[in-house]
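Inspection log for the structure reproduced underneath, given as structure tokens.
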There are 2 protein chains.
Amino acid sequence: MKIAIPLFDGITALDAIGPYEVLSRLPGAEVTFVAAEPGPKRTDTRALALTADVALTDLPHPEVLVFPGGYGTRALMHDPEMLDWVRGVHSSSQWTTSVCTGALVLAGAGILEGLEATTYWLELETLRRYGATPVQGRFVEQGKVITAAGVSAGIDMALLLASRIAGDTVAQAIQLGIEYDPQPPFDAGSPAKAPAEAQALVRAAQRAEAEAETVAG
Amino acid sequence: MKIAIPLFDGITALDAIGPYEVLSRLPGAEVTFVAAEPGPKRTDTRALALTADVALTDLPHPEVLVFPGGYGTRALMHDPEMLDWVRGVHSSSQWTTSVCTGALVLAGAGILEGLEATTYWLELETLRRYGATPVQGRFVEQGKVITAAGVSAGIDMALLLASRIAGDTVAQAIQLGIEYDPQPPFDAGSPAKAPAEAQALVRAAQRAEAEAETVAG
């Protein structure tokens, strides 16, 4: 079973690495990192490069697609080459999935039209413009399409996917293998739970980033 | 504040990327991926390369060290160059931390002697040989030394570290920023919780890996 995870400049690393860490442990699965042009891609913070080994055109029909997010998706959701590839993959995939703003690329490809879907909590309303019904949830499963919430939600989504593909026991073994027994020191991981001051900091950071992007061009 | 995360062949990607995703969002912090020789390092599954930009010798005194795990640590915990660097870093660090079997490298450097510490659940007893007292816990804080349990535990540990460095509100904002509101579909992330069948699968996979390494090496 071939599992494709696209990489691109401006990716949020954990969006890709969470599902990779889960799905690469699936018996018989092969995770391949793909990109329009293979090679190192800089993450959103610029502090890290993740290398894509294979060109999109060399892996047109993986059984599973996991599209990660990051600000790089703002360009990709309008990129004809990427959208064509995503549509081609979806035409034959067993599972088409996204993490965080990876959902915006699925939306741009028309895949979420008429479906319930989720994405990063600050981008939920964007989905509506593409005919999807935004839903707040850790992940949303609609037939073979699964969209996950922001960044770390890809781990939870990938465990669900592992159980769908290989059964509950394998998924539980993977969860134990990555010792995923989450015990965050705070309970602030969703807008419904985070204190107002913390939420204000995130919104301010997003505004600053959007302004920097406007200045950058 | 400079935060160093060593990369090496045979690293478990999530060990490094979890803390990176948290700590790179700390105001004023700069995360740098370091290696004995800069360049791309292959993860334990061989499916991905993460690039280290900076040589160990060029970053001798970061304020924070996060040492990730993976089977590559089995060699590194006996590697004089790496152990010297780790000791040098620890001599002036504000925080010396590890995720998963990264603790074995701290142990090899003598840093865990006389301390309580944790690591990947299957490697806890190894710590005892280095004078540490193994403790089952999501993370163990002993002065400026924090060791985290396996793979995904680095996310929880890094949030604690973020709160120690920048206060609870910043840590909560980071948690919201990565939407870390974990909802795994199973509750199998520790040996105490995982069904026996799932545990048997993990132990069998570890035996197979150890045998493959013997054959390979």
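The chains in the structure tokens are called A, B, ... from first to last as shown; in each chain the residues are counted from 1, and the ligands are counted from 1 in the order shown.
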- Query: What residues in chain A lie within 7 Å of chain B, counting only C-alpha atoms, written as number ranges by chain?
  - Reply: A: 13-14, 17-18, 21, 31-32, 47-51, 138, 150-153, 156, 159-160, 169-170, 172-173, 175-186, 188-191, 194, 197-199, 201-202
Export of the given selection (N, CA and C atoms) as a compact mmCIF listing (two decimals), in the first residue's frame:
# COMPACT_ATOMS: atom_id res chain seq x y z
N ALA A 13 5.75 21.22 9.96
CA ALA A 13 6.37 19.89 9.98
C ALA A 13 5.51 18.84 10.68
N LEU A 14 4.94 19.18 11.82
CA LEU A 14 4.20 18.16 12.59
C LEU A 14 2.96 17.66 11.85
N ILE A 17 4.64 14.91 9.90
CA ILE A 17 5.41 13.91 10.64
C ILE A 17 4.52 13.09 11.59
N GLY A 18 3.45 13.69 12.12
CA GLY A 18 2.53 12.92 12.97
C GLY A 18 1.97 11.73 12.21
N GLU A 21 4.63 9.13 11.21
CA GLU A 21 5.13 8.28 12.28
C GLU A 21 4.16 7.12 12.56
N VAL A 31 5.44 4.68 3.02
CA VAL A 31 5.19 6.12 2.98
C VAL A 31 6.22 6.78 2.07
N THR A 32 5.75 7.58 1.14
CA THR A 32 6.65 8.31 0.24
C THR A 32 6.35 9.80 0.33
N ALA A 47 13.44 26.72 10.02
CA ALA A 47 14.50 26.10 10.83
C ALA A 47 14.85 24.69 10.38
N LEU A 48 14.07 24.14 9.45
CA LEU A 48 14.25 22.72 9.11
C LEU A 48 13.94 22.49 7.64
N ALA A 49 14.66 21.55 7.04
CA ALA A 49 14.30 21.08 5.70
C ALA A 49 13.93 19.61 5.76
N LEU A 50 12.79 19.28 5.14
CA LEU A 50 12.34 17.90 4.97
C LEU A 50 12.50 17.56 3.49
N THR A 51 13.04 16.40 3.21
CA THR A 51 13.35 16.07 1.81
C THR A 51 12.27 15.19 1.17
N ARG A 138 -12.14 16.76 15.93
CA ARG A 138 -10.73 16.37 15.85
C ARG A 138 -10.42 15.86 14.44
N GLY A 150 -6.21 21.03 13.33
CA GLY A 150 -4.87 21.59 13.17
C GLY A 150 -3.72 20.72 13.65
N VAL A 151 -2.63 20.80 12.93
CA VAL A 151 -1.29 20.33 13.27
C VAL A 151 -1.24 18.95 13.94
N SER A 152 -1.40 18.91 15.27
CA SER A 152 -1.25 17.66 16.01
C SER A 152 -2.40 16.69 15.78
N ALA A 153 -3.51 17.16 15.21
CA ALA A 153 -4.68 16.29 14.99
C ALA A 153 -4.38 15.19 13.99
N ASP A 156 -4.02 11.72 15.65
CA ASP A 156 -5.28 11.04 15.98
C ASP A 156 -5.94 10.49 14.71
N LEU A 159 -4.23 7.39 13.39
CA LEU A 159 -4.56 6.18 14.17
C LEU A 159 -5.92 5.62 13.75
N LEU A 160 -6.88 6.51 13.51
CA LEU A 160 -8.17 6.06 12.98
C LEU A 160 -7.97 5.37 11.63
N THR A 169 -6.34 -3.78 16.53
CA THR A 169 -5.16 -4.25 17.28
C THR A 169 -3.88 -3.66 16.71
N VAL A 170 -3.78 -3.61 15.38
CA VAL A 170 -2.59 -3.01 14.75
C VAL A 170 -2.52 -1.52 15.11
N GLN A 172 -3.70 -0.07 17.73
CA GLN A 172 -3.32 0.05 19.15
C GLN A 172 -1.83 -0.24 19.34
N ALA A 173 -1.31 -1.21 18.57
CA ALA A 173 0.13 -1.50 18.66
C ALA A 173 0.94 -0.29 18.19
N GLN A 175 -0.05 2.82 18.37
CA GLN A 175 -0.18 3.83 19.42
C GLN A 175 0.80 3.55 20.56
N LEU A 176 0.92 2.27 20.92
CA LEU A 176 1.88 1.90 21.97
C LEU A 176 3.31 2.08 21.47
N GLY A 177 3.53 1.77 20.20
CA GLY A 177 4.87 1.90 19.62
C GLY A 177 5.39 3.33 19.66
N ILE A 178 4.48 4.29 19.51
CA ILE A 178 4.90 5.69 19.61
C ILE A 178 4.55 6.27 20.98
N GLU A 179 4.22 5.39 21.89
CA GLU A 179 3.88 5.75 23.29
C GLU A 179 2.98 6.98 23.33
N TYR A 180 1.90 6.90 22.57
CA TYR A 180 1.00 8.05 22.46
C TYR A 180 -0.08 7.97 23.53
N ASP A 181 0.32 8.43 24.71
CA ASP A 181 -0.52 8.43 25.90
C ASP A 181 -0.54 9.88 26.39
N PRO A 182 -1.19 10.75 25.60
CA PRO A 182 -0.99 12.19 25.78
C PRO A 182 -1.35 12.69 27.17
N GLN A 183 -0.46 13.49 27.73
CA GLN A 183 -0.69 14.11 29.04
C GLN A 183 -0.15 15.53 29.00
N PRO A 184 -0.77 16.38 28.17
CA PRO A 184 -0.29 17.76 28.13
C PRO A 184 -0.45 18.43 29.48
N PRO A 185 0.51 19.29 29.84
CA PRO A 185 0.44 19.92 31.17
C PRO A 185 -0.69 20.95 31.28
N PHE A 186 -1.29 21.32 30.16
CA PHE A 186 -2.43 22.24 30.17
C PHE A 186 -3.55 21.66 29.33
N ALA A 188 -5.49 23.33 26.87
CA ALA A 188 -5.69 24.59 26.15
C ALA A 188 -5.61 24.38 24.63
N GLY A 189 -5.88 23.15 24.20
CA GLY A 189 -5.61 22.81 22.80
C GLY A 189 -6.72 23.11 21.82
N SER A 190 -7.81 23.72 22.28
CA SER A 190 -8.88 24.11 21.34
C SER A 190 -9.39 25.48 21.77
N PRO A 191 -9.98 26.22 20.84
CA PRO A 191 -10.46 27.56 21.20
C PRO A 191 -11.52 27.52 22.30
N ALA A 194 -9.02 27.02 25.60
CA ALA A 194 -7.87 27.89 25.90
C ALA A 194 -8.33 29.17 26.59
N GLU A 197 -6.48 34.96 27.15
CA GLU A 197 -5.17 35.57 26.91
C GLU A 197 -4.35 34.74 25.92
N ALA A 198 -4.43 33.42 26.05
CA ALA A 198 -3.68 32.55 25.14
C ALA A 198 -4.24 32.67 23.72
N GLN A 199 -5.57 32.72 23.63
CA GLN A 199 -6.21 32.87 22.31
C GLN A 199 -5.81 34.18 21.65
N LEU A 201 -3.04 35.79 22.04
CA LEU A 201 -1.67 35.68 21.55
C LEU A 201 -1.62 34.98 20.19
N VAL A 202 -2.41 33.91 20.03
CA VAL A 202 -2.40 33.17 18.76
C VAL A 202 -2.97 34.03 17.64
message: Give me, as a list in words, all polymer residues having an atom no more than 12 Å from Lys2 in chain A, counting only C-alpha atoms and skipping those fewer than 6 positions away in the same chain.
response: Leu23, Ser24, Leu26, Pro27, Gly28, Ala29, Glu30, Val31, Thr32, Phe33, Val34, Leu59, Pro60, His61, Pro62, Glu63, Val64, Leu65, Val66, Val89, Ser93, Gln94 and Trp95 of chain A; Ala47 of chain B
Go ahead and save the picked residues with N, CA and C atoms, as a PDB file, in the first residue's frame.
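Result file is out_5.pdb:
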ATOM      1  N   LEU A  23       1.669   5.970  10.191  1.00  0.00           N
ATOM      2  CA  LEU A  23       1.369   5.159   9.009  1.00  0.00           C
ATOM      3  C   LEU A  23       2.575   4.383   8.498  1.00  0.00           C
ATOM      4  N   SER A  24       3.789   4.878   8.786  1.00  0.00           N
ATOM      5  CA  SER A  24       4.982   4.141   8.346  1.00  0.00           C
ATOM      6  C   SER A  24       5.147   2.848   9.138  1.00  0.00           C
ATOM      7  N   LEU A  26       2.570   0.822   9.657  1.00  0.00           N
ATOM      8  CA  LEU A  26       1.535  -0.110   9.175  1.00  0.00           C
ATOM      9  C   LEU A  26       2.199  -1.241   8.397  1.00  0.00           C
ATOM     10  N   PRO A  27       1.935  -2.486   8.749  1.00  0.00           N
ATOM     11  CA  PRO A  27       2.530  -3.592   7.998  1.00  0.00           C
ATOM     12  C   PRO A  27       2.178  -3.498   6.508  1.00  0.00           C
ATOM     13  N   GLY A  28       3.172  -3.580   5.665  1.00  0.00           N
ATOM     14  CA  GLY A  28       2.938  -3.574   4.225  1.00  0.00           C
ATOM     15  C   GLY A  28       2.758  -2.200   3.612  1.00  0.00           C
ATOM     16  N   ALA A  29       2.843  -1.168   4.426  1.00  0.00           N
ATOM     17  CA  ALA A  29       2.662   0.193   3.896  1.00  0.00           C
ATOM     18  C   ALA A  29       4.006   0.823   3.579  1.00  0.00           C
ATOM     19  N   GLU A  30       4.008   1.668   2.576  1.00  0.00           N
ATOM     20  CA  GLU A  30       5.222   2.402   2.235  1.00  0.00           C
ATOM     21  C   GLU A  30       4.872   3.883   2.124  1.00  0.00           C
ATOM     22  N   VAL A  31       5.439   4.685   3.021  1.00  0.00           N
ATOM     23  CA  VAL A  31       5.188   6.124   2.981  1.00  0.00           C
ATOM     24  C   VAL A  31       6.223   6.784   2.070  1.00  0.00           C
ATOM     25  N   THR A  32       5.748   7.581   1.136  1.00  0.00           N
ATOM     26  CA  THR A  32       6.652   8.308   0.236  1.00  0.00           C
ATOM     27  C   THR A  32       6.351   9.803   0.330  1.00  0.00           C
ATOM     28  N   PHE A  33       7.396  10.584   0.516  1.00  0.00           N
ATOM     29  CA  PHE A  33       7.243  12.043   0.528  1.00  0.00           C
ATOM     30  C   PHE A  33       7.432  12.548  -0.892  1.00  0.00           C
ATOM     31  N   VAL A  34       6.444  13.263  -1.383  1.00  0.00           N
ATOM     32  CA  VAL A  34       6.428  13.699  -2.779  1.00  0.00           C
ATOM     33  C   VAL A  34       6.380  15.219  -2.869  1.00  0.00           C
ATOM     34  N   LEU A  59       4.357   9.398  -8.897  1.00  0.00           N
ATOM     35  CA  LEU A  59       3.475   8.647  -7.997  1.00  0.00           C
ATOM     36  C   LEU A  59       2.041   9.163  -8.196  1.00  0.00           C
ATOM     37  N   PRO A  60       1.445   8.845  -9.358  1.00  0.00           N
ATOM     38  CA  PRO A  60       0.135   9.417  -9.677  1.00  0.00           C
ATOM     39  C   PRO A  60      -1.025   8.734  -8.950  1.00  0.00           C
ATOM     40  N   HIS A  61      -0.829   7.496  -8.481  1.00  0.00           N
ATOM     41  CA  HIS A  61      -1.966   6.771  -7.908  1.00  0.00           C
ATOM     42  C   HIS A  61      -1.630   6.039  -6.612  1.00  0.00           C
ATOM     43  N   PRO A  62      -1.189   6.766  -5.576  1.00  0.00           N
ATOM     44  CA  PRO A  62      -1.024   6.118  -4.272  1.00  0.00           C
ATOM     45  C   PRO A  62      -2.391   5.697  -3.748  1.00  0.00           C
ATOM     46  N   GLU A  63      -2.407   4.681  -2.905  1.00  0.00           N
ATOM     47  CA  GLU A  63      -3.681   4.243  -2.318  1.00  0.00           C
ATOM     48  C   GLU A  63      -4.166   5.226  -1.256  1.00  0.00           C
ATOM     49  N   VAL A  64      -3.220   5.909  -0.607  1.00  0.00           N
ATOM     50  CA  VAL A  64      -3.588   6.847   0.465  1.00  0.00           C
ATOM     51  C   VAL A  64      -2.872   8.184   0.230  1.00  0.00           C
ATOM     52  N   LEU A  65      -3.620   9.257   0.375  1.00  0.00           N
ATOM     53  CA  LEU A  65      -3.050  10.608   0.335  1.00  0.00           C
ATOM     54  C   LEU A  65      -3.245  11.256   1.696  1.00  0.00           C
ATOM     55  N   VAL A  66      -2.167  11.821   2.235  1.00  0.00           N
ATOM     56  CA  VAL A  66      -2.270  12.638   3.447  1.00  0.00           C
ATOM     57  C   VAL A  66      -1.715  14.013   3.091  1.00  0.00           C
ATOM     58  N   VAL A  89      -5.124  11.587  -7.981  1.00  0.00           N
ATOM     59  CA  VAL A  89      -4.941  10.666  -6.855  1.00  0.00           C
ATOM     60  C   VAL A  89      -6.299  10.271  -6.288  1.00  0.00           C
ATOM     61  N   SER A  93      -7.942   6.687  -5.257  1.00  0.00           N
ATOM     62  CA  SER A  93      -7.433   6.413  -3.903  1.00  0.00           C
ATOM     63  C   SER A  93      -8.402   5.560  -3.090  1.00  0.00           C
ATOM     64  N   GLN A  94      -7.834   4.902  -2.077  1.00  0.00           N
ATOM     65  CA  GLN A  94      -8.690   4.252  -1.080  1.00  0.00           C
ATOM     66  C   GLN A  94      -9.047   5.251   0.021  1.00  0.00           C
ATOM     67  N   TRP A  95      -8.105   6.143   0.320  1.00  0.00           N
ATOM     68  CA  TRP A  95      -8.326   7.171   1.330  1.00  0.00           C
ATOM     69  C   TRP A  95      -7.699   8.482   0.865  1.00  0.00           C
TER      70      TRP A  95
ATOM     71  N   ALA B  47      12.323   6.462   5.172  1.00  0.00           N
ATOM     72  CA  ALA B  47      11.385   7.104   4.240  1.00  0.00           C
ATOM     73  C   ALA B  47      11.564   8.614   4.164  1.00  0.00           C
TER      74      ALA B  47
END
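Proximity of A:Pro6, A:Glu116, A:Thr147, A:Val140 to Val86 in chain A, computed with only C-alpha atoms, is greatest for A:Pro6.
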Would you compute the distance between CA of Glu125 in chain A and CA of Ile111 in chain A? Give it in Å to one decimal.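 One can read the CA of Glu125 in chain A to CA of Ile111 in chain A distance as 16.4 Å.
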**Q.** Backbone DSSP call of alpha helix (DSSP H) for range 78-206 of chain B, listed as a PyMOL selection string
**A.** chain B and resi 80-92+102-108+124-128+153-166+168-177+196-206
* Asked: Distance CA of Glu211 in chain A-CA of Leu104 in chain A, one decimal place?
  ->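 So the two atoms, CA of Glu211 in chain A and CA of Leu104 in chain A, lie 20.2 Å apart.
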Students should find that CA of Pro68 in chain A and CA of Thr73 in chain B are spaced 28.4 Å
